[in-house]
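K.L.:
I have a structure I would like to understand better, so I am pasting it below and will then ask my questions one at a time.
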Amino acid sequence: MNTLYSEPIGKRGNHTTMTKWLVFLEQREGIVKQSSIDAWNRVQELAALLPGTVVYGLLPGPASIGQLEGRLAGKGVIYQAGEERLRLYNPQHYMRLVADTLTKEDASTLFFADTALSRDLAPRLSVRLQASLLSGCPTLDDTWPDDGGCRRPVYSGSVIASFLPLRPLRIYTTSSRPTHSAAPFDASSGAHIAFVALEPYAITGEALFPLVRQLAMHKGTTDVAEAGIVIAGGRGMGGQEGFALLEELARTLGGAVGASRPVVDEGWRPHAEQIGQTGKTVAPLLYIACAISGSPQHLAGMGSAGTVVAINRDPHAPIFDVADYGIVGDVHIVLPKLLEALQEFLQKK
Ligand SMILES: Cc1cc2nc3c(=O)[nH]c(=O)nc-3n(C[C@H](O)[C@H](O)[C@H](O)COP(=O)(O)OP(=O)(O)OC[C@H]3O[C@@H](n4cnc5c(N)ncnc54)[C@H](O)[C@@H]3O)c2cc1C
């Protein structure tokens with residue numbers, strides 16, 4: 001057992017000392033990310049098991065509090081630093097803000113949702129604050145190990161590795177479990193969350209990290225990492241035009257389109273839609289994989305999906321090993337029929 005822990009986590013029932021946790025809430029264009037809301041709610045679930053745990057939140061950038069109504073569970077205080085200059089991610093400003101809030105509250109643990117931003121910010125913070133960083137932890141529920149460690153797949157899912165924090169201050173980035181979980185923590189009842197606006201803080205000198213470029217999503221499109229339903233297409237879609245069917249299916253089901261890497265390399269779809277080891281990690285309730293073989297690198301990005309449906313003309317495609325439902329057939333024949341049946345079903349509803 002490691003002796004460097006200042007506050008052992010997980011001594012359920014006899015956890016008497018007060019433990020303070022901070023959850024980072026990320027906004028983009030004023031919209032708080034669903035993955036951050038999920039992270040907050042999961043941390044609250046865990047905190048409810050550990051008496052004496054107080055949860056704080058930090059929301060940098062302007063975002064309306066109204067959008068969070070009824071979506072956040074548990075008890076706690078959320079600090080909002082609503083300054084316009086924090087709208088866009090800037091490592092220098094964000095690092096300072098998080099570090100100051102951690103110090104102010106004397107929090108011992110910092111949680112992020114696993115996003116592109118946190119993959120940049122969390123390592124920087126761990127160096128600056130000399131904290132243990134445990135990234136991409138899939139389990140932050142009641143199976144979270146008592147020692148504060150986490151297990152996660154490495155080498156594209158071929159090995160499960162255990163990681164233990166060695167420093168008193170821990171930073172976790174939590175990878176998702178199925179988005180909008182079927183049995184979510186009840187966010188509506190008993191929640192008591194206070195929002196506190198932080199004073200604008202003095203930024204001395206120019207930002208050292210200039211904004212290189214910002215990519216805006218098309219209005220009305222859902223970020224694939226945030227979507228509850230993902231319709232993903234692979235090389236077997238045959239080209240850019242093949243994705244029109246997937247877009248229609250996504251519109252019909254209220255989901256987002258995703259892609260495998262060759263699709264992005266070919267320029268058929270933008271990199272923002274790539275799922276996998278070198279793309280985004282998604283955890284939708286429903287994942288429909290169309291003409292995707294199911295390489296380990298692709299599975300690394302969708303292994304936490306809820307129900308997986310695979311459509312592939314090769315009955316031996318590895319994607320069928322992880323699929324709950326499989327359709328062996330040509331996507332160009334199966335998809336129009338599926339779409340038609342769905343539209344008919346939805347019309348009758
Ligand atoms: C370091 C590294 C990182 C990588 N990162 C990623 C990543 O992030 N994401 C990722 O996806 N890949 C990644 N890859 C690539 C990965 O190894 C695979 O090459 C890739 O996932 C294969 O994509 P695919 O399934 O679309 O294509 P393919 O492997 O070519 O599979 C196409 C599938 O479509 C089926 N098919 C063809 N036509 C039809 C049809 N008409 N109807 C139905 N089925 C059809 C075929 O049977 C086949 O199974 C990475 C590779 C490396 C080395």
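Residues in the structure tokens are numbered from 1 in each chain, the chains being A, B, ... in the order shown, and ligands are numbered from 1 in the order shown.
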Give one line per residue of segment 268-320 of chain A that approaches segment 257-261 of chain A to at most 7 Å, naming the two atoms of the closest pair and their distance in Å to one decimal, counting only C-alpha atoms; sort by chain then ascending residue number and deliver it as JSON lines.
P.N.:
```
{"residue": "A:Glu273", "atom": "CA", "partner": "A:Gly258", "partner_atom": "CA", "distance": 4.7}
{"residue": "A:Gln274", "atom": "CA", "partner": "A:Ala259", "partner_atom": "CA", "distance": 4.8}
{"residue": "A:Ile275", "atom": "CA", "partner": "A:Ser260", "partner_atom": "CA", "distance": 5.9}
{"residue": "A:His298", "atom": "CA", "partner": "A:Ser260", "partner_atom": "CA", "distance": 6.7}
```
K.L.:
Hey, which bits of chain A sit within 9 Å of ligand 1, and for each residue what's the closest pair of atoms and how far apart in Å (one decimal), counting only C-alpha atoms and all ligand atoms, rows by chain and increasing number, as JSON lines?
P.N.:
```
{"residue": "A:Ser156", "atom": "CA", "partner": "ligand 1", "partner_atom_place_in_ligand_line": "3 (C)", "distance": 8.9}
{"residue": "A:Gly233", "atom": "CA", "partner": "ligand 1", "partner_atom_place_in_ligand_line": "26 (O)", "distance": 6.7}
{"residue": "A:Gly234", "atom": "CA", "partner": "ligand 1", "partner_atom_place_in_ligand_line": "26 (O)", "distance": 3.1}
{"residue": "A:Arg235", "atom": "CA", "partner": "ligand 1", "partner_atom_place_in_ligand_line": "26 (O)", "distance": 3.8}
{"residue": "A:Gly236", "atom": "CA", "partner": "ligand 1", "partner_atom_place_in_ligand_line": "37 (C)", "distance": 3.4}
{"residue": "A:Met237", "atom": "CA", "partner": "ligand 1", "partner_atom_place_in_ligand_line": "41 (N)", "distance": 6.1}
{"residue": "A:Gly238", "atom": "CA", "partner": "ligand 1", "partner_atom_place_in_ligand_line": "38 (N)", "distance": 6.8}
{"residue": "A:Ala259", "atom": "CA", "partner": "ligand 1", "partner_atom_place_in_ligand_line": "11 (O)", "distance": 6.8}
{"residue": "A:Ser260", "atom": "CA", "partner": "ligand 1", "partner_atom_place_in_ligand_line": "11 (O)", "distance": 3.3}
{"residue": "A:Arg261", "atom": "CA", "partner": "ligand 1", "partner_atom_place_in_ligand_line": "10 (C)", "distance": 4.0}
{"residue": "A:Pro262", "atom": "CA", "partner": "ligand 1", "partner_atom_place_in_ligand_line": "23 (O)", "distance": 5.4}
{"residue": "A:Val263", "atom": "CA", "partner": "ligand 1", "partner_atom_place_in_ligand_line": "26 (O)", "distance": 6.3}
{"residue": "A:Val264", "atom": "CA", "partner": "ligand 1", "partner_atom_place_in_ligand_line": "11 (O)", "distance": 8.8}
{"residue": "A:Gln274", "atom": "CA", "partner": "ligand 1", "partner_atom_place_in_ligand_line": "9 (N)", "distance": 6.1}
{"residue": "A:Ile275", "atom": "CA", "partner": "ligand 1", "partner_atom_place_in_ligand_line": "9 (N)", "distance": 5.0}
{"residue": "A:Gly276", "atom": "CA", "partner": "ligand 1", "partner_atom_place_in_ligand_line": "8 (O)", "distance": 3.2}
{"residue": "A:Gln277", "atom": "CA", "partner": "ligand 1", "partner_atom_place_in_ligand_line": "8 (O)", "distance": 3.8}
{"residue": "A:Thr278", "atom": "CA", "partner": "ligand 1", "partner_atom_place_in_ligand_line": "8 (O)", "distance": 3.6}
{"residue": "A:Gly279", "atom": "CA", "partner": "ligand 1", "partner_atom_place_in_ligand_line": "8 (O)", "distance": 4.3}
{"residue": "A:Lys280", "atom": "CA", "partner": "ligand 1", "partner_atom_place_in_ligand_line": "8 (O)", "distance": 7.2}
{"residue": "A:Thr281", "atom": "CA", "partner": "ligand 1", "partner_atom_place_in_ligand_line": "8 (O)", "distance": 8.8}
{"residue": "A:Cys290", "atom": "CA", "partner": "ligand 1", "partner_atom_place_in_ligand_line": "43 (C)", "distance": 6.6}
{"residue": "A:Ala291", "atom": "CA", "partner": "ligand 1", "partner_atom_place_in_ligand_line": "34 (O)", "distance": 3.6}
{"residue": "A:Ile292", "atom": "CA", "partner": "ligand 1", "partner_atom_place_in_ligand_line": "25 (O)", "distance": 3.5}
{"residue": "A:Ser293", "atom": "CA", "partner": "ligand 1", "partner_atom_place_in_ligand_line": "49 (O)", "distance": 3.4}
{"residue": "A:Gly294", "atom": "CA", "partner": "ligand 1", "partner_atom_place_in_ligand_line": "25 (O)", "distance": 5.5}
{"residue": "A:Ser295", "atom": "CA", "partner": "ligand 1", "partner_atom_place_in_ligand_line": "21 (O)", "distance": 4.8}
{"residue": "A:Pro296", "atom": "CA", "partner": "ligand 1", "partner_atom_place_in_ligand_line": "17 (O)", "distance": 6.8}
{"residue": "A:Gln297", "atom": "CA", "partner": "ligand 1", "partner_atom_place_in_ligand_line": "6 (C)", "distance": 4.6}
{"residue": "A:His298", "atom": "CA", "partner": "ligand 1", "partner_atom_place_in_ligand_line": "11 (O)", "distance": 3.9}
{"residue": "A:Leu299", "atom": "CA", "partner": "ligand 1", "partner_atom_place_in_ligand_line": "11 (O)", "distance": 7.6}
{"residue": "A:Ala300", "atom": "CA", "partner": "ligand 1", "partner_atom_place_in_ligand_line": "8 (O)", "distance": 7.7}
{"residue": "A:Gly301", "atom": "CA", "partner": "ligand 1", "partner_atom_place_in_ligand_line": "8 (O)", "distance": 6.8}
{"residue": "A:Ile311", "atom": "CA", "partner": "ligand 1", "partner_atom_place_in_ligand_line": "43 (C)", "distance": 6.0}
{"residue": "A:Asn312", "atom": "CA", "partner": "ligand 1", "partner_atom_place_in_ligand_line": "44 (N)", "distance": 3.6}
{"residue": "A:Arg313", "atom": "CA", "partner": "ligand 1", "partner_atom_place_in_ligand_line": "43 (C)", "distance": 4.1}
{"residue": "A:Asp314", "atom": "CA", "partner": "ligand 1", "partner_atom_place_in_ligand_line": "47 (O)", "distance": 4.4}
{"residue": "A:Pro315", "atom": "CA", "partner": "ligand 1", "partner_atom_place_in_ligand_line": "47 (O)", "distance": 7.9}
{"residue": "A:His316", "atom": "CA", "partner": "ligand 1", "partner_atom_place_in_ligand_line": "49 (O)", "distance": 8.2}
{"residue": "A:Ala317", "atom": "CA", "partner": "ligand 1", "partner_atom_place_in_ligand_line": "49 (O)", "distance": 5.1}
{"residue": "A:Pro318", "atom": "CA", "partner": "ligand 1", "partner_atom_place_in_ligand_line": "49 (O)", "distance": 7.7}
{"residue": "A:Ile319", "atom": "CA", "partner": "ligand 1", "partner_atom_place_in_ligand_line": "49 (O)", "distance": 7.8}
{"residue": "A:Val328", "atom": "CA", "partner": "ligand 1", "partner_atom_place_in_ligand_line": "43 (C)", "distance": 7.5}
{"residue": "A:Gly329", "atom": "CA", "partner": "ligand 1", "partner_atom_place_in_ligand_line": "43 (C)", "distance": 5.6}
{"residue": "A:Asp330", "atom": "CA", "partner": "ligand 1", "partner_atom_place_in_ligand_line": "42 (N)", "distance": 3.4}
{"residue": "A:Val331", "atom": "CA", "partner": "ligand 1", "partner_atom_place_in_ligand_line": "42 (N)", "distance": 4.0}
{"residue": "A:His332", "atom": "CA", "partner": "ligand 1", "partner_atom_place_in_ligand_line": "41 (N)", "distance": 6.0}
{"residue": "A:Ile333", "atom": "CA", "partner": "ligand 1", "partner_atom_place_in_ligand_line": "42 (N)", "distance": 8.0}
{"residue": "A:Val334", "atom": "CA", "partner": "ligand 1", "partner_atom_place_in_ligand_line": "42 (N)", "distance": 8.2}
```
K.L.:
Which residue out of A:Lys104, A:His271, A:His93, A:Arg128 has the minimum interatomic distance to Gly61 of chain A when only C-alpha atoms are used?
P.N.:
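The answer is A:His93, which sits nearest to Gly61 of chain A.
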K.L.:
From the list A:Leu246, A:Leu97, A:Ser304, A:Thr53, which residue is nearest Met18 of chain A when using only C-alpha atoms?
P.N.:
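Going through A:Leu246, A:Leu97, A:Ser304, A:Thr53 one by one, the smallest distance to Met18 of chain A is for A:Thr53.
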K.L.:
Given only C-alpha atoms as the basis, pick out the residue of A:Val23, A:Ile229, A:Val224, A:Leu338 nearest to Ala272 of chain A.
P.N.:
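Of A:Val23, A:Ile229, A:Val224, A:Leu338, the one nearest Ala272 of chain A is A:Val224, counting only C-alpha atoms.
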K.L.:
Give me every strand (DSSP E) residue in segment 88-162 of chain A, going by DSSP on the backbone, as a PDB file with all heavy atoms, in the first residue's frame.
P.N.:
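Output below, filename result11.pdb:
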```
ATOM      1  N   THR A 109      -8.504  16.779  -4.963  1.00  0.00           N
ATOM      2  CA  THR A 109      -8.729  16.014  -6.187  1.00  0.00           C
ATOM      3  C   THR A 109      -9.413  16.898  -7.224  1.00  0.00           C
ATOM      4  O   THR A 109     -10.341  17.638  -6.894  1.00  0.00           O
ATOM      5  CB  THR A 109      -9.626  14.779  -5.902  1.00  0.00           C
ATOM      6  OG1 THR A 109      -9.060  14.065  -4.796  1.00  0.00           O
ATOM      7  CG2 THR A 109      -9.686  13.849  -7.095  1.00  0.00           C
ATOM      8  N   LEU A 110      -8.941  16.789  -8.445  1.00  0.00           N
ATOM      9  CA  LEU A 110      -9.498  17.586  -9.537  1.00  0.00           C
ATOM     10  C   LEU A 110      -9.975  16.630 -10.625  1.00  0.00           C
ATOM     11  O   LEU A 110      -9.241  15.723 -11.015  1.00  0.00           O
ATOM     12  CB  LEU A 110      -8.399  18.515 -10.079  1.00  0.00           C
ATOM     13  CG  LEU A 110      -8.666  19.273 -11.369  1.00  0.00           C
ATOM     14  CD1 LEU A 110      -9.827  20.260 -11.201  1.00  0.00           C
ATOM     15  CD2 LEU A 110      -7.399  20.051 -11.785  1.00  0.00           C
ATOM     16  N   PHE A 111     -11.190  16.836 -11.074  1.00  0.00           N
ATOM     17  CA  PHE A 111     -11.762  15.957 -12.108  1.00  0.00           C
ATOM     18  C   PHE A 111     -12.036  16.746 -13.383  1.00  0.00           C
ATOM     19  O   PHE A 111     -12.558  17.863 -13.321  1.00  0.00           O
ATOM     20  CB  PHE A 111     -13.110  15.373 -11.646  1.00  0.00           C
ATOM     21  CG  PHE A 111     -13.006  14.466 -10.463  1.00  0.00           C
ATOM     22  CD1 PHE A 111     -13.226  14.959  -9.190  1.00  0.00           C
ATOM     23  CD2 PHE A 111     -12.698  13.125 -10.617  1.00  0.00           C
ATOM     24  CE1 PHE A 111     -13.141  14.128  -8.082  1.00  0.00           C
ATOM     25  CE2 PHE A 111     -12.612  12.282  -9.527  1.00  0.00           C
ATOM     26  CZ  PHE A 111     -12.836  12.788  -8.247  1.00  0.00           C
ATOM     27  N   PHE A 112     -11.715  16.113 -14.487  1.00  0.00           N
ATOM     28  CA  PHE A 112     -12.080  16.644 -15.799  1.00  0.00           C
ATOM     29  C   PHE A 112     -12.821  15.551 -16.552  1.00  0.00           C
ATOM     30  O   PHE A 112     -12.535  14.363 -16.366  1.00  0.00           O
ATOM     31  CB  PHE A 112     -10.834  16.916 -16.650  1.00  0.00           C
ATOM     32  CG  PHE A 112     -10.003  18.089 -16.250  1.00  0.00           C
ATOM     33  CD1 PHE A 112      -8.930  17.921 -15.385  1.00  0.00           C
ATOM     34  CD2 PHE A 112     -10.248  19.338 -16.770  1.00  0.00           C
ATOM     35  CE1 PHE A 112      -8.129  18.993 -15.045  1.00  0.00           C
ATOM     36  CE2 PHE A 112      -9.455  20.419 -16.439  1.00  0.00           C
ATOM     37  CZ  PHE A 112      -8.385  20.243 -15.570  1.00  0.00           C
ATOM     38  N   ALA A 113     -13.700  15.948 -17.477  1.00  0.00           N
ATOM     39  CA  ALA A 113     -14.132  14.991 -18.497  1.00  0.00           C
ATOM     40  C   ALA A 113     -12.965  14.850 -19.463  1.00  0.00           C
ATOM     41  O   ALA A 113     -12.172  15.777 -19.616  1.00  0.00           O
ATOM     42  CB  ALA A 113     -15.363  15.528 -19.217  1.00  0.00           C
ATOM     43  N   SER A 132      -0.458  13.953  -9.159  1.00  0.00           N
ATOM     44  CA  SER A 132      -0.559  12.715  -9.940  1.00  0.00           C
ATOM     45  C   SER A 132      -1.682  12.881 -10.949  1.00  0.00           C
ATOM     46  O   SER A 132      -2.776  13.307 -10.588  1.00  0.00           O
ATOM     47  CB  SER A 132      -0.908  11.534  -9.033  1.00  0.00           C
ATOM     48  OG  SER A 132       0.216  11.124  -8.319  1.00  0.00           O
ATOM     49  N   LEU A 133      -1.385  12.536 -12.183  1.00  0.00           N
ATOM     50  CA  LEU A 133      -2.415  12.625 -13.220  1.00  0.00           C
ATOM     51  C   LEU A 133      -2.809  11.219 -13.656  1.00  0.00           C
ATOM     52  O   LEU A 133      -1.962  10.420 -14.058  1.00  0.00           O
ATOM     53  CB  LEU A 133      -1.871  13.401 -14.427  1.00  0.00           C
ATOM     54  CG  LEU A 133      -2.735  13.371 -15.693  1.00  0.00           C
ATOM     55  CD1 LEU A 133      -4.104  13.994 -15.448  1.00  0.00           C
ATOM     56  CD2 LEU A 133      -2.027  14.107 -16.836  1.00  0.00           C
ATOM     57  N   LEU A 134      -4.091  10.910 -13.519  1.00  0.00           N
ATOM     58  CA  LEU A 134      -4.608   9.619 -13.991  1.00  0.00           C
ATOM     59  C   LEU A 134      -5.598   9.930 -15.100  1.00  0.00           C
ATOM     60  O   LEU A 134      -6.681  10.441 -14.841  1.00  0.00           O
ATOM     61  CB  LEU A 134      -5.267   8.840 -12.850  1.00  0.00           C
ATOM     62  CG  LEU A 134      -4.248   8.337 -11.813  1.00  0.00           C
ATOM     63  CD1 LEU A 134      -4.100   9.319 -10.681  1.00  0.00           C
ATOM     64  CD2 LEU A 134      -4.623   6.986 -11.298  1.00  0.00           C
ATOM     65  N   SER A 135      -5.180   9.658 -16.316  1.00  0.00           N
ATOM     66  CA  SER A 135      -6.010  10.115 -17.434  1.00  0.00           C
ATOM     67  C   SER A 135      -6.815   8.980 -18.050  1.00  0.00           C
ATOM     68  O   SER A 135      -6.414   7.818 -17.993  1.00  0.00           O
ATOM     69  CB  SER A 135      -5.135  10.786 -18.492  1.00  0.00           C
ATOM     70  OG  SER A 135      -4.115   9.915 -18.877  1.00  0.00           O
ATOM     71  N   GLY A 136      -7.953   9.371 -18.591  1.00  0.00           N
ATOM     72  CA  GLY A 136      -8.808   8.416 -19.304  1.00  0.00           C
ATOM     73  C   GLY A 136      -9.359   7.315 -18.424  1.00  0.00           C
ATOM     74  O   GLY A 136      -9.496   6.178 -18.871  1.00  0.00           O
ATOM     75  N   CYS A 137      -9.679   7.654 -17.168  1.00  0.00           N
ATOM     76  CA  CYS A 137     -10.188   6.616 -16.252  1.00  0.00           C
ATOM     77  C   CYS A 137     -11.640   6.297 -16.597  1.00  0.00           C
ATOM     78  O   CYS A 137     -12.499   7.170 -16.501  1.00  0.00           O
ATOM     79  CB  CYS A 137     -10.138   7.102 -14.815  1.00  0.00           C
ATOM     80  SG  CYS A 137      -8.489   7.529 -14.311  1.00  0.00           S
ATOM     81  N   CYS A 150      -6.881   3.856 -10.786  1.00  0.00           N
ATOM     82  CA  CYS A 150      -7.859   3.536 -11.829  1.00  0.00           C
ATOM     83  C   CYS A 150      -7.274   2.534 -12.804  1.00  0.00           C
ATOM     84  O   CYS A 150      -6.056   2.381 -12.911  1.00  0.00           O
ATOM     85  CB  CYS A 150      -8.341   4.795 -12.538  1.00  0.00           C
ATOM     86  SG  CYS A 150      -7.339   5.352 -13.894  1.00  0.00           S
ATOM     87  N   ARG A 151      -8.156   1.817 -13.442  1.00  0.00           N
ATOM     88  CA  ARG A 151      -7.734   0.845 -14.454  1.00  0.00           C
ATOM     89  C   ARG A 151      -8.268   1.310 -15.785  1.00  0.00           C
ATOM     90  O   ARG A 151      -9.400   1.777 -15.868  1.00  0.00           O
ATOM     91  CB  ARG A 151      -8.296  -0.541 -14.126  1.00  0.00           C
ATOM     92  CG  ARG A 151      -7.534  -1.226 -13.007  1.00  0.00           C
ATOM     93  CD  ARG A 151      -8.080  -2.576 -12.707  1.00  0.00           C
ATOM     94  NE  ARG A 151      -9.485  -2.512 -12.320  1.00  0.00           N
ATOM     95  CZ  ARG A 151     -10.423  -3.312 -12.800  1.00  0.00           C
ATOM     96  NH1 ARG A 151     -10.108  -4.249 -13.664  1.00  0.00           N
ATOM     97  NH2 ARG A 151     -11.658  -3.198 -12.420  1.00  0.00           N
ATOM     98  N   ARG A 152      -7.421   1.203 -16.767  1.00  0.00           N
ATOM     99  CA  ARG A 152      -7.925   1.572 -18.100  1.00  0.00           C
ATOM    100  C   ARG A 152      -7.191   0.793 -19.179  1.00  0.00           C
ATOM    101  O   ARG A 152      -6.050   0.350 -18.978  1.00  0.00           O
ATOM    102  CB  ARG A 152      -7.815   3.072 -18.333  1.00  0.00           C
ATOM    103  CG  ARG A 152      -6.420   3.602 -18.456  1.00  0.00           C
ATOM    104  CD  ARG A 152      -6.475   5.056 -18.909  1.00  0.00           C
ATOM    105  NE  ARG A 152      -5.201   5.708 -18.766  1.00  0.00           N
ATOM    106  CZ  ARG A 152      -4.219   5.612 -19.642  1.00  0.00           C
ATOM    107  NH1 ARG A 152      -4.364   4.862 -20.712  1.00  0.00           N
ATOM    108  NH2 ARG A 152      -3.082   6.257 -19.448  1.00  0.00           N
ATOM    109  N   PRO A 153      -7.861   0.634 -20.313  1.00  0.00           N
ATOM    110  CA  PRO A 153      -7.225  -0.101 -21.402  1.00  0.00           C
ATOM    111  C   PRO A 153      -6.058   0.692 -21.983  1.00  0.00           C
ATOM    112  O   PRO A 153      -6.136   1.917 -22.099  1.00  0.00           O
ATOM    113  CB  PRO A 153      -8.339  -0.249 -22.436  1.00  0.00           C
ATOM    114  CG  PRO A 153      -9.540   0.418 -21.891  1.00  0.00           C
ATOM    115  CD  PRO A 153      -9.204   1.103 -20.631  1.00  0.00           C
ATOM    116  N   VAL A 154      -4.970  -0.009 -22.299  1.00  0.00           N
ATOM    117  CA  VAL A 154      -3.850   0.624 -23.001  1.00  0.00           C
ATOM    118  C   VAL A 154      -3.518  -0.231 -24.231  1.00  0.00           C
ATOM    119  O   VAL A 154      -4.077  -1.317 -24.393  1.00  0.00           O
ATOM    120  CB  VAL A 154      -2.593   0.752 -22.098  1.00  0.00           C
ATOM    121  CG1 VAL A 154      -2.823   1.748 -20.977  1.00  0.00           C
ATOM    122  CG2 VAL A 154      -2.184  -0.598 -21.526  1.00  0.00           C
ATOM    123  N   VAL A 159      -4.505  -4.472 -23.393  1.00  0.00           N
ATOM    124  CA  VAL A 159      -4.080  -4.711 -22.002  1.00  0.00           C
ATOM    125  C   VAL A 159      -4.855  -3.756 -21.095  1.00  0.00           C
ATOM    126  O   VAL A 159      -5.135  -2.630 -21.474  1.00  0.00           O
ATOM    127  CB  VAL A 159      -2.559  -4.399 -21.838  1.00  0.00           C
ATOM    128  CG1 VAL A 159      -2.120  -4.545 -20.390  1.00  0.00           C
ATOM    129  CG2 VAL A 159      -1.715  -5.277 -22.738  1.00  0.00           C
ATOM    130  N   ILE A 160      -5.252  -4.242 -19.912  1.00  0.00           N
ATOM    131  CA  ILE A 160      -5.850  -3.348 -18.919  1.00  0.00           C
ATOM    132  C   ILE A 160      -4.761  -3.037 -17.900  1.00  0.00           C
ATOM    133  O   ILE A 160      -4.212  -3.947 -17.260  1.00  0.00           O
ATOM    134  CB  ILE A 160      -7.046  -4.014 -18.205  1.00  0.00           C
ATOM    135  CG1 ILE A 160      -8.128  -4.439 -19.199  1.00  0.00           C
ATOM    136  CG2 ILE A 160      -7.623  -3.083 -17.133  1.00  0.00           C
ATOM    137  CD1 ILE A 160      -8.906  -3.322 -19.845  1.00  0.00           C
ATOM    138  N   ALA A 161      -4.430  -1.769 -17.751  1.00  0.00           N
ATOM    139  CA  ALA A 161      -3.353  -1.377 -16.825  1.00  0.00           C
ATOM    140  C   ALA A 161      -3.939  -0.692 -15.596  1.00  0.00           C
ATOM    141  O   ALA A 161      -4.980  -0.023 -15.683  1.00  0.00           O
ATOM    142  CB  ALA A 161      -2.394  -0.428 -17.528  1.00  0.00           C
ATOM    143  N   SER A 162      -3.297  -0.885 -14.445  1.00  0.00           N
ATOM    144  CA  SER A 162      -3.729  -0.223 -13.207  1.00  0.00           C
ATOM    145  C   SER A 162      -2.775   0.929 -12.906  1.00  0.00           C
ATOM    146  O   SER A 162      -1.560   0.775 -13.024  1.00  0.00           O
ATOM    147  CB  SER A 162      -3.666  -1.198 -12.026  1.00  0.00           C
ATOM    148  OG  SER A 162      -4.571  -2.232 -12.236  1.00  0.00           O
TER     149      SER A 162
END
```
